[in-house]
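Visitor: My file is model_7.txt. It has compact mmCIF, C-alpha atoms:
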```txt
# COMPACT_ATOMS: atom_id res chain seq x y z
CA MET A 1 79.16 79.41 64.86
CA LEU A 2 78.15 81.52 67.85
CA LYS A 3 80.87 79.87 69.95
CA THR A 4 83.46 80.78 67.30
CA ILE A 5 82.31 84.41 67.20
CA LEU A 6 82.45 84.66 71.00
CA THR A 7 85.92 83.08 71.02
CA LEU A 8 87.18 85.58 68.43
CA ILE A 9 85.65 88.48 70.34
CA LYS A 10 87.38 87.25 73.49
CA ARG A 11 90.62 87.02 71.52
CA GLU A 12 90.27 90.66 70.38
CA PHE A 13 89.75 91.77 73.98
CA ASN A 14 92.85 89.86 75.02
CA LEU A 15 94.88 91.48 72.22
CA PHE A 16 93.61 94.89 73.31
CA TYR A 17 94.44 94.39 76.97
CA ASN A 18 97.86 92.93 76.14
CA ASN A 19 98.77 96.12 74.25
CA LYS A 20 99.66 98.35 77.18
CA VAL A 21 100.16 101.51 75.09
CA LEU A 22 96.79 101.09 73.34
CA LEU A 23 95.12 100.37 76.67
CA VAL A 24 96.58 103.52 78.25
CA LEU A 25 95.64 105.64 75.22
CA PHE A 26 92.13 104.24 74.92
CA ILE A 27 91.34 104.84 78.57
CA GLY A 28 93.76 107.64 79.36
CA ALA A 29 93.41 109.87 76.27
CA PRO A 30 89.71 110.75 76.78
CA ILE A 31 90.42 111.48 80.45
CA MET A 32 93.60 113.44 79.69
CA TYR A 33 92.06 115.56 76.92
CA SER A 34 88.92 116.18 78.99
CA VAL A 35 91.05 117.48 81.87
CA LEU A 36 93.45 119.38 79.58
CA ILE A 37 90.86 121.15 77.42
CA GLY A 38 88.53 121.66 80.38
CA ASN A 39 91.31 123.43 82.28
CA VAL A 40 92.30 125.51 79.25
CA TYR A 41 88.82 127.02 78.97
CA GLN A 42 87.87 126.61 82.64
CA LYS A 43 87.50 130.33 83.29
CA GLY A 44 84.99 130.62 80.45
CA LYS A 45 85.96 134.24 79.89
CA VAL A 46 89.20 136.17 79.72
CA THR A 47 90.04 138.47 82.63
CA ASP A 48 92.97 140.66 83.69
CA LEU A 49 94.07 141.36 80.12
CA PRO A 50 97.07 143.74 80.14
CA VAL A 51 96.32 147.31 79.00
CA ILE A 52 98.84 150.13 78.48
CA VAL A 53 97.67 153.66 79.35
CA VAL A 54 99.44 156.70 77.91
CA ASP A 55 98.50 159.52 80.28
CA GLU A 56 99.74 162.82 78.83
CA ASP A 57 97.29 164.85 80.92
CA ASN A 58 98.27 163.52 84.37
CA SER A 59 95.22 165.15 85.99
CA PRO A 60 92.76 163.98 88.66
CA MET A 61 90.26 163.21 85.87
CA SER A 62 92.74 161.06 83.94
CA HIS A 63 93.66 159.29 87.20
CA THR A 64 89.97 158.58 87.74
CA PHE A 65 89.76 157.07 84.24
CA ILE A 66 92.77 154.81 85.01
CA ASN A 67 91.29 153.76 88.38
CA MET A 68 88.05 152.83 86.66
CA LEU A 69 90.02 150.69 84.19
CA GLU A 70 91.74 148.92 87.09
CA ASP A 71 88.35 148.23 88.69
CA ASN A 72 87.15 146.44 85.55
CA GLU A 73 87.67 142.66 85.88
CA SER A 74 88.42 142.16 82.19
CA VAL A 75 91.56 144.32 82.09
CA VAL A 76 94.52 145.27 84.25
CA VAL A 77 96.66 148.37 83.71
CA SER A 78 100.17 146.92 83.28
CA ALA A 79 101.94 150.26 82.62
CA ILE A 80 101.22 154.00 82.62
CA LEU A 81 103.41 155.90 80.16
CA PRO A 82 103.93 159.67 79.86
CA SER A 83 103.89 159.67 76.02
CA LEU A 84 103.15 157.49 72.99
CA PHE A 85 106.87 157.09 72.29
CA ASN A 86 107.72 153.35 72.35
CA SER A 87 104.24 152.52 73.63
CA ARG A 88 103.91 149.83 70.93
CA ASP A 89 107.07 148.10 72.15
CA PHE A 90 105.81 148.24 75.73
CA ALA A 91 102.51 146.70 74.59
CA ILE A 92 104.27 143.81 72.81
CA LYS A 93 106.51 143.08 75.81
CA ALA A 94 103.51 143.05 78.17
CA ASP A 95 101.28 141.12 75.71
CA ALA A 96 98.88 144.05 75.95
CA THR A 97 96.16 144.06 73.31
CA THR A 98 95.12 147.67 73.94
CA VAL A 99 96.81 151.05 74.34
CA VAL A 100 94.62 153.86 75.72
CA HIS A 101 95.85 157.37 74.91
CA ILE A 102 94.62 160.19 77.17
CA PRO A 103 95.75 163.46 75.50
CA LYS A 104 97.22 166.54 77.15
CA GLY A 105 94.48 168.97 78.17
CA PHE A 106 91.92 166.18 78.60
CA ALA A 107 90.50 167.43 81.91
CA SER A 108 90.39 171.11 80.90
CA GLY A 109 88.81 170.16 77.58
CA VAL A 110 86.02 168.27 79.33
CA GLN A 111 85.41 171.16 81.76
CA GLN A 112 85.30 173.70 78.91
CA ASN A 113 83.11 171.53 76.64
CA ARG A 114 85.78 171.31 73.94
CA LEU A 115 85.13 167.57 73.35
CA PRO A 116 88.65 166.16 73.84
CA GLU A 117 89.44 162.80 72.26
CA VAL A 118 90.60 159.57 73.95
CA THR A 119 92.19 157.23 71.41
CA VAL A 120 92.14 153.46 71.87
CA PHE A 121 94.67 151.44 69.83
CA VAL A 122 93.51 147.82 69.61
CA ASP A 123 95.75 144.94 68.51
CA GLY A 124 93.41 142.80 66.42
CA SER A 125 95.83 139.89 65.95
CA ASN A 126 93.75 137.87 68.42
CA THR A 127 90.04 138.49 67.91
CA LEU A 128 88.95 137.14 71.30
CA THR A 129 91.32 139.11 73.53
CA SER A 130 91.17 142.33 71.50
CA ASN A 131 87.36 142.39 71.54
CA THR A 132 87.24 141.69 75.28
CA ALA A 133 89.73 144.45 76.10
CA LEU A 134 88.00 146.88 73.74
CA MET A 135 84.61 146.24 75.34
CA ALA A 136 86.09 146.82 78.80
CA VAL A 137 87.69 150.14 77.81
CA ASN A 138 84.47 151.18 76.06
CA VAL A 139 82.38 150.43 79.14
CA VAL A 140 84.74 152.50 81.32
CA ALA A 141 84.71 155.39 78.83
CA MET A 142 80.91 155.41 78.53
CA THR A 143 80.49 155.21 82.32
CA MET A 144 82.85 158.12 82.87
CA LYS A 145 81.19 160.16 80.12
CA ALA A 146 77.84 159.67 81.77
CA GLY A 147 79.13 160.52 85.23
CA VAL A 148 80.92 163.70 84.13
CA GLN A 149 78.06 165.05 82.06
CA ILE A 150 75.29 164.18 84.51
CA GLU A 151 77.12 165.95 87.34
CA SER A 152 77.74 168.94 85.09
CA GLN A 153 74.08 169.15 84.06
CA LYS A 154 72.86 168.76 87.63
CA LYS A 155 75.02 171.71 88.71
CA LYS A 156 73.21 173.77 86.07
CA GLY A 157 69.85 172.83 87.55
CA VAL A 158 68.89 170.22 84.94
CA PRO A 159 66.81 167.42 86.51
CA GLU A 160 68.76 164.14 86.91
CA TYR A 161 66.46 162.05 84.67
CA ILE A 162 67.00 164.55 81.81
CA ALA A 163 70.73 164.92 82.46
CA SER A 164 71.18 161.14 82.35
CA GLN A 165 70.02 161.17 78.70
CA GLN A 166 72.41 163.89 77.52
CA TYR A 167 76.09 163.11 77.81
CA GLU A 168 79.05 163.29 75.43
CA PRO A 169 81.78 165.25 77.26
CA PHE A 170 84.62 163.65 75.25
CA LYS A 171 85.05 161.52 72.14
CA THR A 172 86.42 157.97 72.02
CA THR A 173 88.21 156.95 68.82
CA ILE A 174 89.03 153.27 68.24
CA ILE A 175 91.91 152.33 65.91
CA LYS A 176 92.20 148.62 65.13
CA GLN A 177 95.68 147.39 64.23
CA ASN A 178 97.25 144.16 62.93
CA ILE A 179 94.09 142.77 61.37
CA ARG A 180 93.53 142.84 57.62
CA SER A 181 89.98 143.63 56.58
CA GLY A 182 88.69 141.92 59.74
CA ASN A 183 89.16 138.61 57.90
CA TYR A 184 89.23 135.68 60.35
CA LEU A 185 90.93 133.54 57.69
CA TYR A 186 94.14 135.54 58.07
CA PHE A 187 94.14 134.80 61.79
CA MET A 188 93.07 131.14 61.79
CA LEU A 189 94.54 129.54 58.66
CA PRO A 190 98.27 130.10 59.41
CA GLY A 191 97.87 128.76 62.96
CA VAL A 192 96.20 125.56 61.77
CA LEU A 193 98.70 125.05 58.92
CA ILE A 194 101.69 125.44 61.27
CA THR A 195 100.15 122.86 63.62
CA VAL A 196 99.66 120.46 60.68
CA PHE A 197 103.29 121.13 59.67
CA GLN A 198 104.44 119.91 63.10
CA GLN A 199 102.15 116.88 62.96
CA VAL A 200 103.37 115.58 59.58
CA LEU A 201 106.99 115.99 60.66
CA LEU A 202 106.37 114.12 63.91
CA LEU A 203 104.47 111.36 62.09
CA GLY A 204 107.34 110.80 59.67
CA LEU A 205 110.05 110.97 62.32
CA ALA A 206 108.13 108.62 64.62
CA LEU A 207 108.92 105.86 62.12
CA SER A 208 112.55 106.83 61.43
CA PHE A 209 114.33 104.70 64.04
CA ALA A 210 111.32 102.73 65.29
CA SER A 211 110.97 101.06 61.87
CA GLU A 212 114.67 100.11 61.93
CA PHE A 213 114.31 98.47 65.36
CA GLU A 214 111.05 96.75 64.44
CA ASN A 215 112.31 95.41 61.09
CA LYS A 216 115.61 94.26 62.63
CA THR A 217 117.62 96.47 60.23
CA PHE A 218 119.20 98.70 62.87
CA LYS A 219 122.22 96.40 63.16
CA ASP A 220 123.07 96.81 59.46
CA LEU A 221 122.47 100.56 59.67
CA ALA A 222 124.70 100.90 62.73
CA THR A 223 127.43 98.90 60.98
CA LYS A 224 127.39 101.27 58.01
CA MET A 225 127.19 104.40 60.22
CA PRO A 226 128.54 103.68 63.74
CA ASN A 227 128.54 107.40 64.64
CA ALA A 228 125.33 108.38 66.51
CA LEU A 229 125.42 112.02 65.40
CA GLY A 230 125.95 111.04 61.75
CA LEU A 231 123.12 108.54 61.99
CA MET A 232 120.74 111.18 63.34
CA LEU A 233 121.71 113.59 60.57
CA VAL A 234 121.02 110.87 57.98
CA LYS A 235 117.49 110.53 59.38
CA VAL A 236 116.82 114.26 59.85
CA ILE A 237 118.22 115.81 56.63
CA PRO A 238 115.50 114.33 54.33
CA TYR A 239 112.80 115.88 56.52
CA ILE A 240 114.55 119.24 56.56
CA LEU A 241 114.68 119.17 52.74
CA MET A 242 111.03 118.08 52.50
CA SER A 243 110.10 120.90 54.89
CA ILE A 244 111.26 123.37 52.24
CA GLY A 245 108.55 121.96 49.98
CA ILE A 246 105.91 122.41 52.69
CA VAL A 247 106.98 126.03 53.29
CA VAL A 248 106.78 126.74 49.53
CA LEU A 249 103.34 125.09 49.43
CA TYR A 250 102.17 127.30 52.31
CA TRP A 251 103.51 130.36 50.50
CA MET A 252 101.44 129.35 47.43
CA VAL A 253 98.37 128.95 49.68
CA GLY A 254 98.98 132.48 50.99
CA VAL A 255 99.18 133.83 47.44
CA TYR A 256 96.00 131.97 46.47
CA TYR A 257 94.04 133.43 49.40
CA HIS A 258 95.55 136.92 48.89
CA MET A 259 97.33 136.86 52.24
CA PRO A 260 100.40 139.11 51.89
CA LEU A 261 102.94 138.21 54.56
CA HIS A 262 105.43 141.05 54.74
CA ALA A 263 108.32 140.37 57.12
CA SER A 264 112.09 140.04 57.29
CA PHE A 265 112.95 137.12 54.99
CA TRP A 266 116.09 136.02 56.84
CA TRP A 267 114.45 136.13 60.28
CA PHE A 268 111.62 134.03 58.88
CA ILE A 269 114.09 131.48 57.44
CA LEU A 270 116.05 131.33 60.71
CA SER A 271 112.89 130.91 62.81
CA THR A 272 111.49 128.21 60.52
CA PHE A 273 114.80 126.30 60.49
CA VAL A 274 115.06 126.32 64.30
CA PHE A 275 111.39 125.25 64.55
CA VAL A 276 111.95 122.33 62.13
CA MET A 277 115.06 121.29 64.09
CA ALA A 278 113.12 121.38 67.38
CA VAL A 279 110.35 119.18 65.91
CA CYS A 280 112.95 116.82 64.40
CA GLY A 281 114.74 116.55 67.74
CA LEU A 282 111.50 115.70 69.55
CA GLY A 283 110.49 113.16 66.88
CA ILE A 284 113.92 111.48 66.78
CA LEU A 285 114.06 111.21 70.59
CA VAL A 286 110.67 109.49 70.84
CA SER A 287 111.49 107.21 67.88
CA ILE A 288 114.72 106.06 69.57
CA LEU A 289 113.08 105.59 72.98
CA LEU A 290 110.15 103.54 71.63
CA PRO A 291 111.27 100.73 69.27
CA SER A 292 107.72 100.11 68.00
CA GLN A 293 106.37 102.17 65.08
CA LEU A 294 102.85 102.03 66.47
CA LYS A 295 103.87 103.09 69.96
CA ALA A 296 106.09 105.93 68.69
CA THR A 297 103.30 107.21 66.44
CA GLU A 298 100.71 107.00 69.21
CA VAL A 299 102.85 108.89 71.73
CA LEU A 300 103.77 111.65 69.27
CA MET A 301 100.13 112.08 68.25
CA VAL A 302 99.21 112.49 71.92
CA ILE A 303 101.76 115.34 72.01
CA ALA A 304 100.74 116.87 68.67
CA THR A 305 96.93 116.71 68.89
CA PRO A 306 96.35 119.36 71.60
CA ALA A 307 99.30 121.51 70.46
CA PHE A 308 97.17 124.21 68.80
CA ILE A 309 94.73 124.43 71.70
CA VAL A 310 97.42 124.92 74.36
CA SER A 311 99.70 127.11 72.22
CA GLY A 312 98.09 130.38 73.34
CA PHE A 313 97.38 131.36 69.74
CA THR A 314 93.58 131.55 70.20
CA TRP A 315 93.10 131.43 73.99
CA PRO A 316 95.69 133.40 76.00
CA LEU A 317 98.27 131.33 77.90
CA SER A 318 97.89 133.71 80.85
CA GLN A 319 94.32 132.46 81.28
CA MET A 320 95.40 128.79 81.55
CA PRO A 321 96.53 126.98 84.72
CA SER A 322 100.30 127.06 85.27
CA TRP A 323 100.72 123.30 84.73
CA ILE A 324 99.24 123.63 81.23
CA GLN A 325 101.56 126.56 80.54
CA HIS A 326 104.51 124.31 81.46
CA ILE A 327 103.27 121.58 79.08
CA SER A 328 102.79 124.17 76.36
CA SER A 329 106.35 125.47 76.78
CA VAL A 330 107.89 122.15 75.64
CA ILE A 331 105.85 121.95 72.42
CA PRO A 332 107.63 123.65 69.46
CA THR A 333 104.46 125.09 67.88
CA THR A 334 103.81 127.25 70.96
CA HIS A 335 106.98 129.27 70.32
CA TYR A 336 106.79 129.22 66.52
CA LEU A 337 103.21 130.52 66.54
CA LYS A 338 104.40 133.29 68.88
CA ILE A 339 107.13 134.14 66.35
CA PHE A 340 104.60 134.06 63.50
CA ARG A 341 102.29 136.48 65.30
CA LEU A 342 105.13 138.88 66.13
CA LEU A 343 106.75 138.71 62.70
CA PHE A 344 103.82 138.65 60.31
CA ILE A 345 100.77 139.96 62.16
CA GLN A 346 102.10 142.47 64.66
CA GLN A 347 105.06 143.55 62.50
CA ALA A 348 107.15 143.75 65.70
CA GLU A 349 110.83 144.63 65.93
CA THR A 350 113.02 141.57 65.49
CA TYR A 351 114.47 141.71 69.00
CA HIS A 352 111.06 140.57 70.27
CA LEU A 353 111.77 137.21 68.58
CA HIS A 354 114.76 136.43 70.79
CA MET A 355 112.88 134.73 73.65
CA PRO A 356 110.72 132.32 71.57
CA LEU A 357 113.76 131.56 69.38
CA LEU A 358 115.80 130.77 72.49
CA ALA A 359 113.02 128.46 73.73
CA LEU A 360 113.06 126.57 70.40
CA ALA A 361 116.85 126.34 70.53
CA ILE A 362 116.67 124.86 74.06
CA ILE A 363 114.11 122.23 72.96
CA THR A 364 116.34 121.37 69.98
CA THR A 365 119.51 121.07 72.09
CA VAL A 366 117.95 119.01 74.91
CA CYS A 367 116.19 116.59 72.51
CA PHE A 368 119.22 116.02 70.28
CA ILE A 369 121.63 115.56 73.20
CA ALA A 370 119.28 113.05 74.87
CA ALA A 371 118.75 111.25 71.52
CA TRP A 372 122.52 111.17 70.87
CA ILE A 373 123.25 109.63 74.29
CA ILE A 374 120.57 106.93 73.98
CA LEU A 375 121.45 106.15 70.35
CA SER A 376 125.18 105.88 71.22
CA ILE A 377 124.32 103.32 73.90
CA LYS A 378 122.21 101.31 71.42
CA ILE A 379 124.97 101.40 68.79
CA LYS A 380 127.58 100.21 71.34
CA LYS A 381 125.20 97.45 72.43
CA VAL A 382 124.75 96.28 68.84
CA GLY A 383 128.53 96.44 68.28
CA SER A 384 129.29 94.41 71.41
CA ILE A 385 126.75 91.74 70.41
CA ALA A 386 128.30 91.56 66.92
CA ARG A 387 131.82 91.20 68.38
CA THR A 388 130.63 88.51 70.82
CA GLY A 389 129.11 86.61 67.93
CA LYS A 390 132.35 86.78 65.95
CA ASP A 391 134.37 85.63 68.97
CA GLU A 392 132.09 82.64 69.47
CA LYS A 393 132.40 81.65 65.79
CA SER A 394 136.19 81.95 65.88
CA SER A 395 136.41 79.86 69.05
CA VAL A 396 134.24 77.14 67.46
CA THR A 397 136.47 77.21 64.39
```
Do you think you could lay out the structure here as structure tokens?

Guide:
Amino acid sequence: MLKTILTLIKREFNLFYNNKVLLVLFIGAPIMYSVLIGNVYQKGKVTDLPVIVVDEDNSPMSHTFINMLEDNESVVVSAILPSLFNSRDFAIKADATTVVHIPKGFASGVQQNRLPEVTVFVDGSNTLTSNTALMAVNVVAMTMKAGVQIESQKKKGVPEYIASQQYEPFKTTIIKQNIRSGNYLYFMLPGVLITVFQQVLLLGLALSFASEFENKTFKDLATKMPNALGLMLVKVIPYILMSIGIVVLYWMVGVYYHMPLHASFWWFILSTFVFVMAVCGLGILVSILLPSQLKATEVLMVIATPAFIVSGFTWPLSQMPSWIQHISSVIPTTHYLKIFRLLFIQQAETYHLHMPLLALAIITTVCFIAAWIILSIKIKKVGSIARTGKDEKSSVT
């Protein structure tokens, strides 16, 4: 009995080691994800977050404020604008979470004790980055307030220890934008659902051609549809139609959780269609390259599993190593989540969608062209084998 158990255990080990894909995944996946996720969060804290400063005062005091911002490790001043006009567009282009508005007459107001007001506009679409940038600006503002007032009081003969407890030379007003009721659900749920959307599409498409190869039915399929492009459309169209159902389901989830998503309907439809096509292209390509259902599924799950983490939706891409940014750029969810944030959360102008849409279009084009070439070769191979078989039968006859 014991000998039988040991023999069967040995057999299982042999089966495991003979499956090269499973062996690589079992050993490689823990190492790969450890390195990947470790590098994503390696810094432990976000630094050098872009900040836009609108300096309408253009005085030595406002310049001091800006210099103090630049000295703070958490933020970097990416642009200094003369007015608030188009400052929101500048912030979106620079991925800046914060716009600091220094009003005209700031320095004279401080000197004359008129309590001028510095306004901080915070983009709350990403809780982590917005809070970090806000804290940095707040620290700079409080430090400058203290410095200005203490020096002013000391000039009047007030002892330093008393002056250090009495400072409020200007007000700081914080205006949070793009976050509804501070509800984390509105930020997190759509990101997770979009990632799941990609995963279910990849899972289904992993089996599309791999199942045909594995079940030896590809020959019959290629005979009925010898055109590679037509064959790919036959496989993709059902998933495009089923995607409509998933989008409707997500809309119902939004209604249920009272999450109003106000955006341009046609831009949303276009973006979603290009996203679905990019995912379909990636799934079809892997399914054609790997003729085993198990292997195709395993490889696509390796791609899909870390997609949300490396997408930049929660942790900024700018804080990740460049090699992870390159990996992220070839995963469709990275660009679709960017579109979602711009369209639904930040309510940005539609021209900001052009770059992520172009990236999705490139992924779609490259994947479908590569899949078409490989599939055409496989169809020709099947056709030549069939013709050879017929020739041999006719010669025997």

Visitor: So that I can see what lies close to Trp267 in chain A, please list as a list of chain:residue names the residues with an atom at most 10 Å from it, counting all atoms listed in the file and leaving out residues fewer than 5 positions away in the same chain.

Guide: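 Non-adjacent residues within range: A:Thr272, A:Phe273, A:Ile339, A:Leu343, A:Thr350, A:Leu353.
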
Visitor: To one decimal place in Å, what is the distance between CA of Leu115 in chain A and CA of Ile102 in chain A?

Guide: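 Going from CA of Leu115 in chain A over to CA of Ile102 in chain A, I get 12.6 Å.
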
Visitor: Excluding Lys338 in chain A and its own-chain neighbours fewer than 6 positions away, which residues fall within 10 Å of it when counting only C-alpha atoms? Please give them as a list of chain:residue names.

Guide: A:Gly191, A:Ser311, A:Gly312, A:Phe313, A:His352, A:Leu353, A:Met355, A:Pro356, A:Leu357

Visitor: Grab the CA of Asn113 in chain A to CA of His101 in chain A distance for me, in Å with one decimal place.

Guide: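 Pair CA of Asn113 in chain A / CA of His101 in chain A returns 19.1 Å.
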
Visitor: Quick one: 3 Å padding each side, axis-aligned, all listed atoms of range 130-134 of chain A - centre and edge lengths in Å to one decimal, as AutoDock Vina command-line options?

Guide:
```
--center_x 89.2 --center_y 144.3 --center_z 73.8 --size_x 9.9 --size_y 11.2 --size_z 10.6
```

Visitor: Considering all atoms listed in the file, return as a ChimeraX atom specification whatever protein or nucleic-acid residues lie within 9 Å of Val310 in chain A, sequence-local ones (same chain, fewer than 2 positions apart) excluded.

Guide: /A:36-37,40,306-308,312-317,320,324-325,327-328,334

Visitor: Pick out the closest residue to Gln198 in chain A from this set: A:Gly281, A:Met259, A:Ser130, A:Glu214. Count only C-alpha atoms.

Guide: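 Looking only at the distances to Gln198 in chain A, the closest residue turns out to be A:Gly281.
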
Visitor: Counting all atoms listed in the file, which residue out of A:Ile194, A:Glu117, A:Val234, A:Ile80 sits closest to Val247 in chain A?

Guide: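 With all atoms listed in the file as the atom set, the closest residue is A:Ile194.
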